[in-house]
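Quick look at start.txt (compact mmCIF, C-alpha atoms (C1' of nucleotides)):
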```
# COMPACT_ATOMS: atom_id res chain seq x y z
CA MET J 174 22.31 -75.89 -8.15
CA ARG J 175 22.16 -72.23 -7.40
CA ALA J 176 19.77 -72.10 -10.31
CA LEU J 177 17.59 -74.64 -8.60
CA THR J 178 17.34 -72.93 -5.28
CA ARG J 179 16.60 -69.70 -7.03
CA LEU J 180 13.95 -71.31 -9.11
CA LEU J 181 12.25 -72.58 -5.98
CA ARG J 182 12.45 -69.26 -4.25
CA ALA J 183 11.39 -67.34 -7.31
CA LYS J 184 8.25 -69.36 -7.48
CA ALA J 185 7.56 -68.97 -3.79
CA ALA J 186 8.10 -65.25 -3.90
CA THR J 187 6.05 -64.52 -6.99
CA THR J 188 3.14 -66.76 -6.14
CA ARG J 189 2.88 -65.25 -2.70
CA LEU J 190 2.85 -61.77 -4.09
CA LEU J 191 0.37 -62.40 -6.84
CA ASN J 192 -1.78 -64.71 -4.82
CA VAL J 193 -2.51 -62.22 -2.11
CA GLY J 194 -3.45 -59.62 -4.68
CA LEU J 195 -5.80 -61.86 -6.56
CA GLN J 196 -7.22 -63.27 -3.40
CA ALA J 197 -7.87 -59.93 -1.83
CA GLU J 198 -9.41 -58.35 -4.89
CA HIS J 199 -11.30 -61.19 -6.48
CA GLY J 200 -11.19 -64.19 -4.20
CA LEU J 201 -9.33 -66.29 -6.73
CA SER J 202 -6.20 -68.30 -6.32
CA LEU J 203 -3.52 -68.19 -8.97
CA ASN J 204 -4.53 -71.63 -10.15
CA ASP J 205 -8.16 -70.62 -10.25
CA TYR J 206 -7.19 -67.81 -12.52
CA GLU J 207 -5.03 -69.97 -14.73
CA ALA J 208 -7.80 -72.50 -15.08
CA LEU J 209 -10.36 -69.89 -16.07
CA TYR J 210 -7.90 -68.44 -18.50
CA LEU J 211 -7.15 -71.77 -20.14
CA LEU J 212 -10.84 -72.48 -20.47
CA SER J 213 -11.51 -69.10 -22.00
CA GLN J 214 -8.93 -69.81 -24.69
CA ALA J 215 -10.12 -73.31 -25.40
CA GLU J 216 -12.37 -74.36 -28.23
CA GLY J 217 -15.96 -74.02 -27.08
CA ARG J 218 -14.70 -72.71 -23.75
CA ARG J 219 -14.43 -76.19 -22.42
CA LEU J 220 -11.65 -78.61 -21.68
CA LYS J 221 -11.37 -82.16 -20.53
CA ARG J 222 -10.22 -82.48 -16.99
CA VAL J 223 -7.24 -84.49 -18.07
CA GLU J 224 -6.24 -81.68 -20.33
CA LEU J 225 -6.42 -79.18 -17.51
CA SER J 226 -4.35 -81.45 -15.39
CA ARG J 227 -1.65 -81.55 -18.04
CA ARG J 228 -1.71 -77.83 -18.64
CA LEU J 229 -1.74 -76.75 -15.03
CA LEU J 230 0.70 -79.45 -14.00
CA LEU J 231 -1.64 -80.69 -11.32
CA THR J 232 -2.61 -84.24 -10.59
CA PRO J 233 -6.13 -85.29 -11.59
CA SER J 234 -7.23 -85.07 -8.01
CA GLY J 235 -5.90 -81.57 -7.80
CA VAL J 236 -8.03 -80.63 -10.77
CA THR J 237 -11.11 -82.15 -9.20
CA ARG J 238 -10.57 -80.10 -6.06
CA LEU J 239 -9.87 -76.95 -8.00
CA LEU J 240 -12.99 -77.32 -10.10
CA GLU J 241 -15.09 -78.06 -7.04
CA GLY J 242 -14.46 -74.53 -5.92
CA LEU J 243 -15.00 -73.02 -9.33
CA GLU J 244 -18.23 -74.94 -9.80
CA ALA J 245 -19.50 -73.91 -6.42
CA ALA J 246 -18.84 -70.31 -7.37
CA GLY J 247 -20.72 -70.81 -10.64
CA PHE J 248 -17.76 -70.05 -12.89
CA VAL J 249 -17.60 -73.43 -14.57
CA GLU J 250 -20.09 -76.23 -15.16
CA ARG J 251 -19.48 -79.87 -15.77
CA THR J 252 -20.82 -81.22 -19.01
CA VAL J 253 -20.52 -84.73 -20.30
CA CYS J 254 -19.08 -85.95 -23.51
CA PRO J 255 -21.70 -87.87 -25.51
CA SER J 256 -19.17 -90.02 -27.28
CA ASP J 257 -17.23 -91.02 -24.19
CA LEU J 258 -19.08 -91.18 -20.92
CA ARG J 259 -15.90 -91.24 -18.92
CA VAL J 260 -14.87 -87.73 -19.70
CA ALA J 261 -16.36 -84.75 -17.95
CA TYR J 262 -15.76 -81.42 -19.55
CA ALA J 263 -15.24 -78.28 -17.57
CA GLN J 264 -17.29 -75.63 -19.32
CA LEU J 265 -16.72 -71.95 -18.67
CA THR J 266 -19.96 -70.18 -17.82
CA GLU J 267 -20.89 -66.65 -18.73
CA ALA J 268 -20.33 -65.66 -15.12
CA GLY J 269 -16.92 -67.25 -15.25
CA ALA J 270 -15.97 -65.36 -18.37
CA GLU J 271 -17.02 -62.11 -16.79
CA LYS J 272 -15.14 -62.89 -13.63
CA LEU J 273 -12.04 -63.59 -15.64
CA ALA J 274 -12.37 -60.35 -17.55
CA VAL J 275 -12.72 -58.34 -14.39
CA ALA J 276 -9.89 -60.07 -12.62
CA SER J 277 -7.60 -59.81 -15.62
CA CYS J 278 -7.37 -56.05 -15.41
CA GLY J 279 -5.71 -55.92 -12.05
CA HIS J 280 -3.92 -59.19 -12.40
CA VAL J 281 -2.02 -58.58 -15.59
CA GLY J 282 -1.24 -55.18 -14.17
CA SER J 283 0.40 -56.75 -11.16
CA ILE J 284 2.31 -59.16 -13.31
CA ARG J 285 3.59 -56.48 -15.60
CA GLU J 286 4.59 -54.39 -12.66
CA LEU J 287 6.43 -57.24 -11.04
CA PHE J 288 8.28 -58.40 -14.12
CA GLU J 289 8.83 -55.28 -16.11
CA THR J 290 10.51 -53.46 -13.30
CA HIS J 291 13.12 -56.19 -13.18
CA PHE J 292 13.47 -57.32 -16.78
CA THR J 293 13.51 -56.07 -20.29
CA ASP J 294 11.35 -57.68 -22.93
CA GLU J 295 14.28 -59.57 -24.36
CA GLU J 296 15.18 -60.93 -20.98
CA LEU J 297 11.66 -62.12 -20.45
CA ASP J 298 11.78 -63.99 -23.71
CA GLU J 299 15.12 -65.43 -22.75
CA LEU J 300 13.78 -66.48 -19.38
CA SER J 301 10.70 -68.20 -20.67
CA GLU J 302 12.67 -69.88 -23.39
CA LEU J 303 15.03 -71.33 -20.81
CA LEU J 304 12.27 -72.41 -18.48
CA GLY J 305 10.43 -73.93 -21.38
CA ARG J 306 13.16 -76.48 -21.82
CA LEU J 307 12.48 -78.17 -18.56
CA PRO J 308 10.46 -81.34 -19.02
CA GLY J 309 6.73 -80.76 -19.19
CA VAL J 310 6.82 -77.01 -18.93
CA ALA J 311 6.02 -76.02 -22.48
CA LEU J 312 3.03 -78.21 -23.01
CA GLY J 313 -0.30 -76.67 -23.79
CA ASP J 314 1.07 -73.51 -25.15
CA ASP J 315 -1.04 -70.69 -24.71
CA SER J 316 -0.78 -68.08 -27.34
CA CYS J 317 -0.98 -65.32 -24.82
CA PRO J 318 -3.32 -62.62 -26.09
CA ALA J 319 -3.63 -60.32 -23.15
CA ALA J 320 -0.04 -59.78 -22.24
CA MET S 265 3.07 -63.48 -18.73
CA ARG S 266 4.19 -66.55 -20.57
CA ALA S 267 7.27 -66.25 -18.42
CA LEU S 268 5.11 -66.37 -15.33
CA THR S 269 3.15 -69.46 -16.22
CA ARG S 270 6.34 -71.18 -17.19
CA LEU S 271 7.95 -70.21 -13.95
CA LEU S 272 5.10 -71.74 -12.03
CA ARG S 273 5.14 -74.91 -14.03
CA ALA S 274 8.90 -75.19 -13.98
CA LYS S 275 8.81 -75.16 -10.23
CA ALA S 276 6.01 -77.67 -10.05
CA ALA S 277 7.73 -80.03 -12.45
CA THR S 278 11.17 -79.88 -10.92
CA THR S 279 10.09 -80.12 -7.32
CA ARG S 280 7.94 -83.09 -8.06
CA LEU S 281 10.77 -84.87 -9.77
CA LEU S 282 13.38 -84.12 -7.15
CA ASN S 283 11.07 -84.55 -4.23
CA VAL S 284 10.10 -88.08 -5.06
CA GLY S 285 13.74 -89.01 -5.48
CA LEU S 286 14.82 -87.54 -2.18
CA GLN S 287 11.79 -88.87 -0.42
CA ALA S 288 12.20 -92.36 -1.71
CA GLU S 289 15.91 -92.61 -1.04
CA HIS S 290 16.34 -90.68 2.16
CA GLY S 291 12.94 -89.67 3.49
CA LEU S 292 13.70 -85.99 3.18
CA SER S 293 11.66 -83.30 1.51
CA LEU S 294 13.34 -80.75 -0.67
CA ASN S 295 12.95 -78.15 2.05
CA ASP S 296 14.35 -80.52 4.64
CA TYR S 297 17.39 -80.86 2.48
CA GLU S 298 17.74 -77.15 1.90
CA ALA S 299 17.45 -76.48 5.58
CA LEU S 300 20.13 -79.02 6.47
CA TYR S 301 22.31 -77.60 3.77
CA LEU S 302 21.94 -74.04 4.96
CA LEU S 303 22.73 -75.09 8.49
CA SER S 304 25.80 -76.99 7.39
CA GLN S 305 27.14 -73.87 5.71
CA ALA S 306 26.35 -71.57 8.58
CA GLU S 307 28.76 -70.39 11.22
CA GLY S 308 28.80 -72.92 14.01
CA ARG S 309 26.30 -74.99 12.10
CA ARG S 310 23.44 -73.09 13.57
CA LEU S 311 21.02 -70.48 12.43
CA LYS S 312 18.29 -68.43 13.94
CA ARG S 313 14.86 -69.49 12.94
CA VAL S 314 14.12 -66.12 11.50
CA GLU S 315 17.16 -66.46 9.33
CA LEU S 316 16.02 -69.83 8.04
CA SER S 317 12.66 -68.35 7.30
CA ARG S 318 14.23 -65.64 5.19
CA ARG S 319 16.52 -67.99 3.37
CA LEU S 320 13.98 -70.67 2.64
CA LEU S 321 11.27 -68.15 1.90
CA LEU S 322 8.96 -69.77 4.39
CA THR S 323 6.84 -68.10 7.02
CA PRO S 324 8.06 -68.43 10.59
CA SER S 325 5.41 -70.98 11.31
CA GLY S 326 6.51 -72.93 8.29
CA VAL S 327 9.98 -73.06 9.75
CA THR S 328 8.66 -74.29 13.07
CA ARG S 329 6.83 -77.11 11.34
CA LEU S 330 9.81 -78.00 9.23
CA LEU S 331 12.13 -78.12 12.21
CA GLU S 332 9.65 -80.19 14.18
CA GLY S 333 10.23 -82.99 11.75
CA LEU S 334 13.97 -82.51 11.65
CA GLU S 335 14.21 -82.42 15.42
CA ALA S 336 12.11 -85.53 15.76
CA ALA S 337 14.49 -87.26 13.40
CA GLY S 338 17.45 -86.06 15.44
CA PHE S 339 19.04 -84.04 12.67
CA VAL S 340 18.81 -80.70 14.41
CA GLU S 341 18.58 -79.55 18.00
CA ARG S 342 17.22 -76.36 19.40
CA THR S 343 19.61 -74.28 21.41
CA VAL S 344 19.01 -70.95 23.02
CA CYS S 345 20.82 -67.71 22.57
CA PRO S 346 22.26 -66.51 25.88
CA SER S 347 22.19 -62.87 24.91
CA ASP S 348 18.64 -62.85 23.60
CA LEU S 349 16.23 -65.26 25.15
CA ARG S 350 13.72 -64.82 22.37
CA VAL S 351 15.76 -66.48 19.70
CA ALA S 352 16.04 -70.22 19.38
CA TYR S 353 18.83 -71.49 17.24
CA ALA S 354 18.52 -74.53 15.07
CA GLN S 355 21.73 -76.46 15.56
CA LEU S 356 22.81 -79.14 13.12
CA THR S 357 23.69 -82.37 14.92
CA GLU S 358 26.33 -84.83 13.93
CA ALA S 359 23.62 -87.18 12.72
CA GLY S 360 22.19 -84.37 10.64
CA ALA S 361 25.53 -83.64 9.04
CA GLU S 362 25.97 -87.28 8.15
CA LYS S 363 22.49 -87.50 6.75
CA LEU S 364 23.16 -84.49 4.61
CA ALA S 365 26.38 -85.94 3.32
CA VAL S 366 24.75 -89.20 2.38
CA ALA S 367 21.77 -87.56 0.75
CA SER S 368 23.90 -85.11 -1.16
CA CYS S 369 25.44 -87.77 -3.33
CA GLY S 370 22.28 -88.85 -4.99
CA HIS S 371 20.63 -85.49 -4.81
CA VAL S 372 23.17 -83.36 -6.56
CA GLY S 373 23.39 -86.17 -9.08
CA SER S 374 19.70 -85.85 -9.84
CA ILE S 375 19.96 -82.12 -10.10
CA ARG S 376 22.88 -82.21 -12.45
CA GLU S 377 21.14 -84.77 -14.56
CA LEU S 378 18.00 -82.73 -14.74
CA PHE S 379 19.64 -79.43 -15.54
CA GLU S 380 22.67 -80.34 -17.51
CA THR S 381 20.76 -82.31 -20.06
CA HIS S 382 18.79 -79.20 -20.87
CA PHE S 383 21.21 -76.34 -20.37
CA THR S 384 24.79 -75.36 -20.84
CA ASP S 385 26.75 -73.86 -17.98
CA GLU S 386 26.40 -70.38 -19.39
CA GLU S 387 22.68 -70.77 -19.67
CA LEU S 388 22.47 -71.88 -16.08
CA ASP S 389 24.32 -68.77 -15.01
CA GLU S 390 22.06 -66.68 -17.14
CA LEU S 391 18.99 -68.34 -15.67
CA SER S 392 19.99 -67.92 -12.09
CA GLU S 393 21.04 -64.36 -12.70
CA LEU S 394 17.62 -63.56 -14.10
CA LEU S 395 15.77 -65.33 -11.35
CA GLY S 396 17.92 -63.60 -8.79
CA ARG S 397 16.48 -60.26 -9.76
CA LEU S 398 13.04 -61.11 -8.50
CA PRO S 399 12.41 -59.59 -5.11
CA GLY S 400 13.68 -61.67 -2.24
CA VAL S 401 15.18 -64.43 -4.31
CA ALA S 402 18.86 -63.65 -3.93
CA LEU S 403 18.97 -63.24 -0.22
CA GLY S 404 21.12 -65.48 1.85
CA ASP S 405 23.47 -66.36 -0.86
CA ASP S 406 24.90 -69.56 -0.56
CA SER S 407 28.32 -69.91 -1.91
CA CYS S 408 27.52 -73.28 -3.35
CA PRO S 409 30.43 -75.61 -2.70
CA ALA S 410 29.14 -78.95 -3.88
CA ALA S 411 27.81 -78.06 -7.27
C1' DG N 251 13.05 -47.67 35.73
C1' DA N 252 8.03 -48.25 34.09
C1' DG N 253 5.23 -48.72 29.73
C1' DG N 254 4.36 -49.39 25.21
C1' DA N 255 5.99 -50.78 20.71
C1' DT N 256 8.34 -54.43 18.44
C1' DA N 257 10.81 -58.86 17.23
C1' DG N 258 11.20 -64.03 17.70
C1' DA N 259 8.78 -68.00 18.08
C1' DT N 260 4.84 -71.20 18.69
C1' DT N 261 -0.01 -72.96 18.20
C1' DG N 262 -4.60 -73.98 16.17
C1' DA N 263 -7.56 -73.76 12.32
C1' DC N 264 -7.55 -74.11 7.49
C1' DA N 265 -6.56 -74.52 2.42
C1' DA N 266 -4.00 -76.79 -1.28
C1' DC N 267 -2.22 -80.67 -3.18
C1' DG N 268 -0.19 -85.36 -3.82
C1' DC N 269 -0.72 -90.37 -3.41
C1' DA N 270 -3.14 -94.61 -3.31
C1' DA N 271 -7.23 -96.90 -3.93
C1' DG N 272 -11.66 -97.34 -6.00
C1' DT N 273 -15.44 -96.87 -9.72
C1' DA N 274 -17.05 -96.51 -14.30
C1' DT N 275 -16.39 -96.65 -19.19
C1' DT N 276 -14.04 -97.84 -23.30
C1' DG N 277 -11.02 -100.37 -26.42
C1' DC N 278 -8.52 -104.53 -27.64
C1' DC N 279 -8.08 -109.22 -28.71
C1' DA N 280 -8.80 -113.85 -28.65
C1' DT D 94 -18.87 -112.06 -27.29
C1' DG D 95 -16.43 -112.35 -23.09
C1' DG D 96 -12.65 -110.83 -20.55
C1' DC D 97 -8.77 -107.80 -19.54
C1' DA D 98 -6.11 -103.80 -19.82
C1' DA D 99 -6.18 -98.92 -20.08
C1' DT D 100 -8.31 -94.40 -19.43
C1' DA D 101 -11.05 -90.64 -16.97
C1' DC D 102 -12.30 -89.29 -12.84
C1' DT D 103 -13.33 -89.21 -7.70
C1' DT D 104 -12.49 -89.93 -2.73
C1' DG D 105 -10.00 -90.69 1.75
C1' DC D 106 -6.04 -89.57 3.98
C1' DG D 107 -1.60 -87.49 4.97
C1' DT D 108 1.68 -83.71 4.36
C1' DT D 109 2.99 -79.09 3.87
C1' DG D 110 2.53 -74.50 4.36
C1' DT D 111 -0.28 -70.07 5.43
C1' DC D 112 -2.73 -66.92 8.44
C1' DA D 113 -4.29 -65.06 12.74
C1' DA D 114 -3.73 -65.04 17.49
C1' DT D 115 -0.74 -65.36 21.39
C1' DC D 116 3.21 -65.41 24.52
C1' DT D 117 7.66 -63.93 25.93
C1' DA D 118 11.67 -61.14 25.69
C1' DT D 119 13.90 -56.97 24.25
C1' DC D 120 14.31 -52.15 23.00
C1' DC D 121 13.06 -47.34 23.18
C1' DT D 122 11.30 -43.29 25.32
C1' DC D 123 10.11 -40.49 28.84
```
Write-out of the structure in structure tokens:
Amino acid sequence: MRALTRLLRAKAATTRLLNVGLQAEHGLSLNDYEALYLLSQAEGRRLKRVELSRRLLLTPSGVTRLLEGLEAAGFVERTVCPSDLRVAYAQLTEAGAEKLAVASCGHVGSIRELFETHFTDEELDELSELLGRLPGVALGDDSCPAA
Amino acid sequence: MRALTRLLRAKAATTRLLNVGLQAEHGLSLNDYEALYLLSQAEGRRLKRVELSRRLLLTPSGVTRLLEGLEAAGFVERTVCPSDLRVAYAQLTEAGAEKLAVASCGHVGSIRELFETHFTDEELDELSELLGRLPGVALGDDSCPAA
DNA sequence: GAGGATAGATTGACAACGCAAGTATTGCCA
DNA sequence: TGGCAATACTTGCGTTGTCAATCTATCCTC
């Protein structure tokens, strides 16, 4: 119960902090960044929208809205799947990859700063292990190259 | 970094789960509930709006919007502070207290179910201790009577 | 005490996201 | 092969919460 309220507040606090940084420096939301990152790690730099929805824990409509912005900015393109005309891939563009690279510098810096001043490495592992047990959290796991 | 993405997803997953339950059964959002709860624990069952904003980690305008709904439903009233005409207290009404009591039954049940199937008591303590270190998370601490 | 800085609160415009409903495509099964 | 369920996605609408601007009340300083 206390754990719950802290979980809620922890999310609110951290997203606010990181969001303003990303927004101010690169005009990206935290979800924008996550989406670009997931795409960059994916095979062929593309992902089905359903897959993004699962990984980002957004509803399909949320993904559509998110990608609208990213497409308008030229960071992703929609491509179709020849074998199944229902699916629309989100394909990372060269511009998107560059944007991600640039934004990563400052962003992972902020994250490290935020977390490493409060936790040791072991505690971070502990924390993510615990959070990973909640239903749906540890889905498309991300092998985390940059940090 | 993995910790961060899991934190974000953990919040998204849990709020969605708990929100739909609360919403369906009692027409309250999670923040509505938290606000009622904080008021019920406060001295005289009232709190300054600024205080609510700190505790719920909402902006002041967020608090105003939240209380709009609660006032319309008759669960809180606004009262003024005689010594400082700027502050407007949010005062829990009798109806609000009853609503909270009724909603608590099912709600803390859901929470326990969600958390206790995945964690032991020690792990919950560990988790909330860790989360509490993030800036701003462990503010108005809540001495947690019900669970 | 007058004047400016500051704190508490509200309002309007806006972005993000969920839900429900709708469309299009595919797979299943008789 | 025809029909029906399921899947992938989009769109309209409502809710929630933020930000920037504003108003009032209080405090602080001269």
Margin query: Just the number, please: distance in Å from CA of Leu230 in chain J to CA of Leu268 in chain S, one decimal.
Written below: 13.9 Å
Distance table requested - chain S against chain J, cut-off 8 Å, all atoms listed in the file: one row per qualifying residue with the closest atom pair and its distance in Å to one decimal, ordered by chain and rising residue number, as a Markdown table.
```
| residue | atom | partner | partner_atom | distance |
| --- | --- | --- | --- | --- |
| S:Met265 | CA | J:Ala320 | CA | 6.0 |
| S:Arg266 | CA | J:Ser301 | CA | 6.7 |
| S:Ala267 | CA | J:Ser301 | CA | 4.5 |
| S:Leu268 | CA | J:Ser301 | CA | 7.9 |
| S:Arg270 | CA | J:Val310 | CA | 6.1 |
| S:Leu271 | CA | J:Lys184 | CA | 6.5 |
| S:Leu272 | CA | J:Lys184 | CA | 6.0 |
| S:Arg273 | CA | J:Val310 | CA | 5.6 |
| S:Ala274 | CA | J:Val310 | CA | 5.7 |
| S:Lys275 | CA | J:Leu181 | CA | 6.0 |
| S:Ala276 | CA | J:Leu230 | CA | 6.9 |
| S:Ala277 | CA | J:Gly309 | CA | 6.9 |
| S:Thr278 | CA | J:Leu307 | CA | 7.9 |
| S:Thr279 | CA | J:Leu181 | CA | 8.0 |
| S:Leu320 | CA | J:Arg182 | CA | 7.2 |
| S:Leu321 | CA | J:Arg182 | CA | 6.4 |
| S:Val372 | CA | J:Met174 | CA | 7.7 |
| S:Ile375 | CA | J:Met174 | CA | 6.9 |
| S:Arg376 | CA | J:Met174 | CA | 7.7 |
| S:Phe379 | CA | J:Leu307 | CA | 7.9 |
| S:His382 | CA | J:Arg306 | CA | 6.3 |
| S:Phe383 | CA | J:Leu303 | CA | 8.0 |
| S:Glu387 | CA | J:Leu303 | CA | 7.8 |
| S:Leu388 | CA | J:Ala176 | CA | 6.4 |
| S:Asp389 | CA | J:Ala176 | CA | 7.3 |
| S:Leu391 | CA | J:Ala176 | CA | 6.6 |
| S:Ser392 | CA | J:Ala176 | CA | 4.5 |
| S:Leu394 | CA | J:Leu300 | CA | 7.2 |
| S:Leu395 | CA | J:Arg179 | CA | 6.2 |
| S:Gly396 | CA | J:Arg179 | CA | 6.5 |
| S:Arg397 | CA | J:His291 | CA | 6.3 |
| S:Leu398 | CA | J:Ala183 | CA | 6.6 |
| S:Pro399 | CA | J:Ala186 | CA | 7.2 |
| S:Gly400 | CA | J:Ala186 | CA | 6.8 |
| S:Val401 | CA | J:Arg182 | CA | 5.5 |
| S:Ala402 | CA | J:Arg179 | CA | 7.2 |
| S:Asp406 | CA | J:Arg175 | CA | 7.8 |
| S:Cys408 | CA | J:Arg175 | CA | 6.8 |
| S:Ala411 | CA | J:Met174 | CA | 6.0 |
```
Margin query: Taking all atoms listed in the file into account and nothing else, which residues of chain J lie no more than 9 Å away from chain D? Please answer as a PyMOL selection string.
Written below: chain J and resi 222-223+233-234+237+258-261
Least-squares superpose chain J on chain S across all ordered C-alpha pairs, then write out what you get as a compact mmCIF listing (two decimals) with C-alpha atoms, keeping the file's coordinate frame.
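Now in selection33.txt:
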```txt
# COMPACT_ATOMS: atom_id res chain seq x y z
CA MET J 174 3.03 -63.56 -18.75
CA ARG J 175 4.16 -66.62 -20.57
CA ALA J 176 7.25 -66.31 -18.42
CA LEU J 177 5.09 -66.42 -15.35
CA THR J 178 3.14 -69.50 -16.22
CA ARG J 179 6.33 -71.22 -17.16
CA LEU J 180 7.94 -70.23 -13.94
CA LEU J 181 5.07 -71.77 -12.02
CA ARG J 182 5.13 -74.94 -14.02
CA ALA J 183 8.89 -75.19 -13.93
CA LYS J 184 8.80 -75.14 -10.19
CA ALA J 185 6.01 -77.68 -10.03
CA ALA J 186 7.74 -80.01 -12.41
CA THR J 187 11.19 -79.87 -10.86
CA THR J 188 10.07 -80.09 -7.27
CA ARG J 189 7.93 -83.09 -8.04
CA LEU J 190 10.77 -84.85 -9.74
CA LEU J 191 13.37 -84.12 -7.13
CA ASN J 192 11.06 -84.55 -4.22
CA VAL J 193 10.11 -88.08 -5.05
CA GLY J 194 13.74 -89.02 -5.45
CA LEU J 195 14.81 -87.55 -2.17
CA GLN J 196 11.79 -88.87 -0.41
CA ALA J 197 12.19 -92.37 -1.69
CA GLU J 198 15.89 -92.61 -1.01
CA HIS J 199 16.33 -90.65 2.17
CA GLY J 200 12.94 -89.66 3.50
CA LEU J 201 13.67 -85.97 3.15
CA SER J 202 11.64 -83.29 1.50
CA LEU J 203 13.33 -80.72 -0.68
CA ASN J 204 12.93 -78.13 2.04
CA ASP J 205 14.33 -80.50 4.61
CA TYR J 206 17.37 -80.85 2.46
CA GLU J 207 17.72 -77.14 1.87
CA ALA J 208 17.46 -76.46 5.57
CA LEU J 209 20.13 -79.00 6.46
CA TYR J 210 22.31 -77.60 3.75
CA LEU J 211 21.95 -74.02 4.94
CA LEU J 212 22.74 -75.07 8.47
CA SER J 213 25.80 -76.99 7.38
CA GLN J 214 27.16 -73.86 5.71
CA ALA J 215 26.37 -71.56 8.58
CA GLU J 216 28.79 -70.39 11.21
CA GLY J 217 28.80 -72.92 14.03
CA ARG J 218 26.31 -75.00 12.08
CA ARG J 219 23.46 -73.10 13.57
CA LEU J 220 21.04 -70.47 12.42
CA LYS J 221 18.32 -68.42 13.95
CA ARG J 222 14.89 -69.51 12.93
CA VAL J 223 14.17 -66.11 11.50
CA GLU J 224 17.19 -66.45 9.32
CA LEU J 225 16.03 -69.79 8.01
CA SER J 226 12.67 -68.32 7.30
CA ARG J 227 14.25 -65.59 5.20
CA ARG J 228 16.54 -67.95 3.36
CA LEU J 229 14.00 -70.62 2.61
CA LEU J 230 11.28 -68.10 1.87
CA LEU J 231 8.95 -69.72 4.35
CA THR J 232 6.87 -68.04 6.98
CA PRO J 233 8.03 -68.42 10.58
CA SER J 234 5.35 -70.97 11.19
CA GLY J 235 6.53 -72.95 8.23
CA VAL J 236 9.99 -73.06 9.73
CA THR J 237 8.64 -74.24 13.05
CA ARG J 238 6.82 -77.09 11.34
CA LEU J 239 9.80 -77.99 9.22
CA LEU J 240 12.13 -78.09 12.20
CA GLU J 241 9.66 -80.15 14.19
CA GLY J 242 10.24 -82.95 11.76
CA LEU J 243 13.98 -82.49 11.64
CA GLU J 244 14.21 -82.39 15.41
CA ALA J 245 12.12 -85.49 15.76
CA ALA J 246 14.49 -87.24 13.39
CA GLY J 247 17.46 -86.05 15.44
CA PHE J 248 19.05 -84.03 12.66
CA VAL J 249 18.84 -80.67 14.38
CA GLU J 250 18.58 -79.54 17.99
CA ARG J 251 17.23 -76.35 19.40
CA THR J 252 19.65 -74.32 21.43
CA VAL J 253 19.01 -71.01 23.08
CA CYS J 254 20.82 -67.78 22.67
CA PRO J 255 22.21 -66.60 26.02
CA SER J 256 22.11 -62.95 25.09
CA ASP J 257 18.57 -62.95 23.77
CA LEU J 258 16.14 -65.42 25.24
CA ARG J 259 13.68 -64.94 22.44
CA VAL J 260 15.77 -66.54 19.78
CA ALA J 261 16.04 -70.27 19.40
CA TYR J 262 18.85 -71.52 17.25
CA ALA J 263 18.54 -74.54 15.06
CA GLN J 264 21.75 -76.47 15.54
CA LEU J 265 22.82 -79.16 13.10
CA THR J 266 23.68 -82.38 14.89
CA GLU J 267 26.35 -84.85 13.91
CA ALA J 268 23.62 -87.18 12.70
CA GLY J 269 22.19 -84.38 10.63
CA ALA J 270 25.52 -83.64 9.02
CA GLU J 271 25.97 -87.27 8.13
CA LYS J 272 22.48 -87.49 6.75
CA LEU J 273 23.14 -84.49 4.59
CA ALA J 274 26.38 -85.94 3.30
CA VAL J 275 24.73 -89.19 2.37
CA ALA J 276 21.75 -87.56 0.75
CA SER J 277 23.90 -85.10 -1.16
CA CYS J 278 25.45 -87.77 -3.32
CA GLY J 279 22.28 -88.85 -5.00
CA HIS J 280 20.61 -85.50 -4.81
CA VAL J 281 23.17 -83.37 -6.56
CA GLY J 282 23.40 -86.16 -9.07
CA SER J 283 19.72 -85.86 -9.83
CA ILE J 284 19.96 -82.12 -10.08
CA ARG J 285 22.89 -82.22 -12.43
CA GLU J 286 21.15 -84.78 -14.54
CA LEU J 287 18.00 -82.74 -14.73
CA PHE J 288 19.64 -79.43 -15.52
CA GLU J 289 22.68 -80.35 -17.49
CA THR J 290 20.77 -82.32 -20.03
CA HIS J 291 18.77 -79.22 -20.85
CA PHE J 292 21.21 -76.37 -20.35
CA THR J 293 24.78 -75.40 -20.82
CA ASP J 294 26.75 -73.88 -17.99
CA GLU J 295 26.40 -70.41 -19.42
CA GLU J 296 22.67 -70.80 -19.68
CA LEU J 297 22.47 -71.88 -16.09
CA ASP J 298 24.32 -68.79 -15.03
CA GLU J 299 22.05 -66.70 -17.18
CA LEU J 300 19.00 -68.35 -15.70
CA SER J 301 19.99 -67.90 -12.10
CA GLU J 302 21.05 -64.36 -12.75
CA LEU J 303 17.62 -63.57 -14.16
CA LEU J 304 15.77 -65.32 -11.38
CA GLY J 305 17.93 -63.58 -8.85
CA ARG J 306 16.46 -60.26 -9.83
CA LEU J 307 13.05 -61.09 -8.57
CA PRO J 308 12.40 -59.54 -5.17
CA GLY J 309 13.68 -61.62 -2.28
CA VAL J 310 15.22 -64.38 -4.32
CA ALA J 311 18.89 -63.59 -3.94
CA LEU J 312 18.98 -63.16 -0.23
CA GLY J 313 21.15 -65.41 1.86
CA ASP J 314 23.49 -66.30 -0.87
CA ASP J 315 24.94 -69.52 -0.56
CA SER J 316 28.35 -69.87 -1.98
CA CYS J 317 27.57 -73.25 -3.39
CA PRO J 318 30.47 -75.60 -2.73
CA ALA J 319 29.14 -78.92 -3.83
CA ALA J 320 27.79 -78.10 -7.23
```
Checklist line | Counting only C-alpha atoms (C1' of nucleotides), chain N residues within 10 Å of chain J, as a ChimeraX atom specification | finding: /N:266-269,274-276
Next item on the list: Between S:Ala361, S:Cys345, S:Leu282, S:Leu302, single out the one closest to Glu377 in chain S, counting only C-alpha atoms.
Entry: S:Leu282
Notebook entry, point to check: Which distance in Å separates CA of Thr266 in chain J and CA of Gly279 in chain J, to one decimal?
Noted result: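 A separation of 21.0 Å between them.
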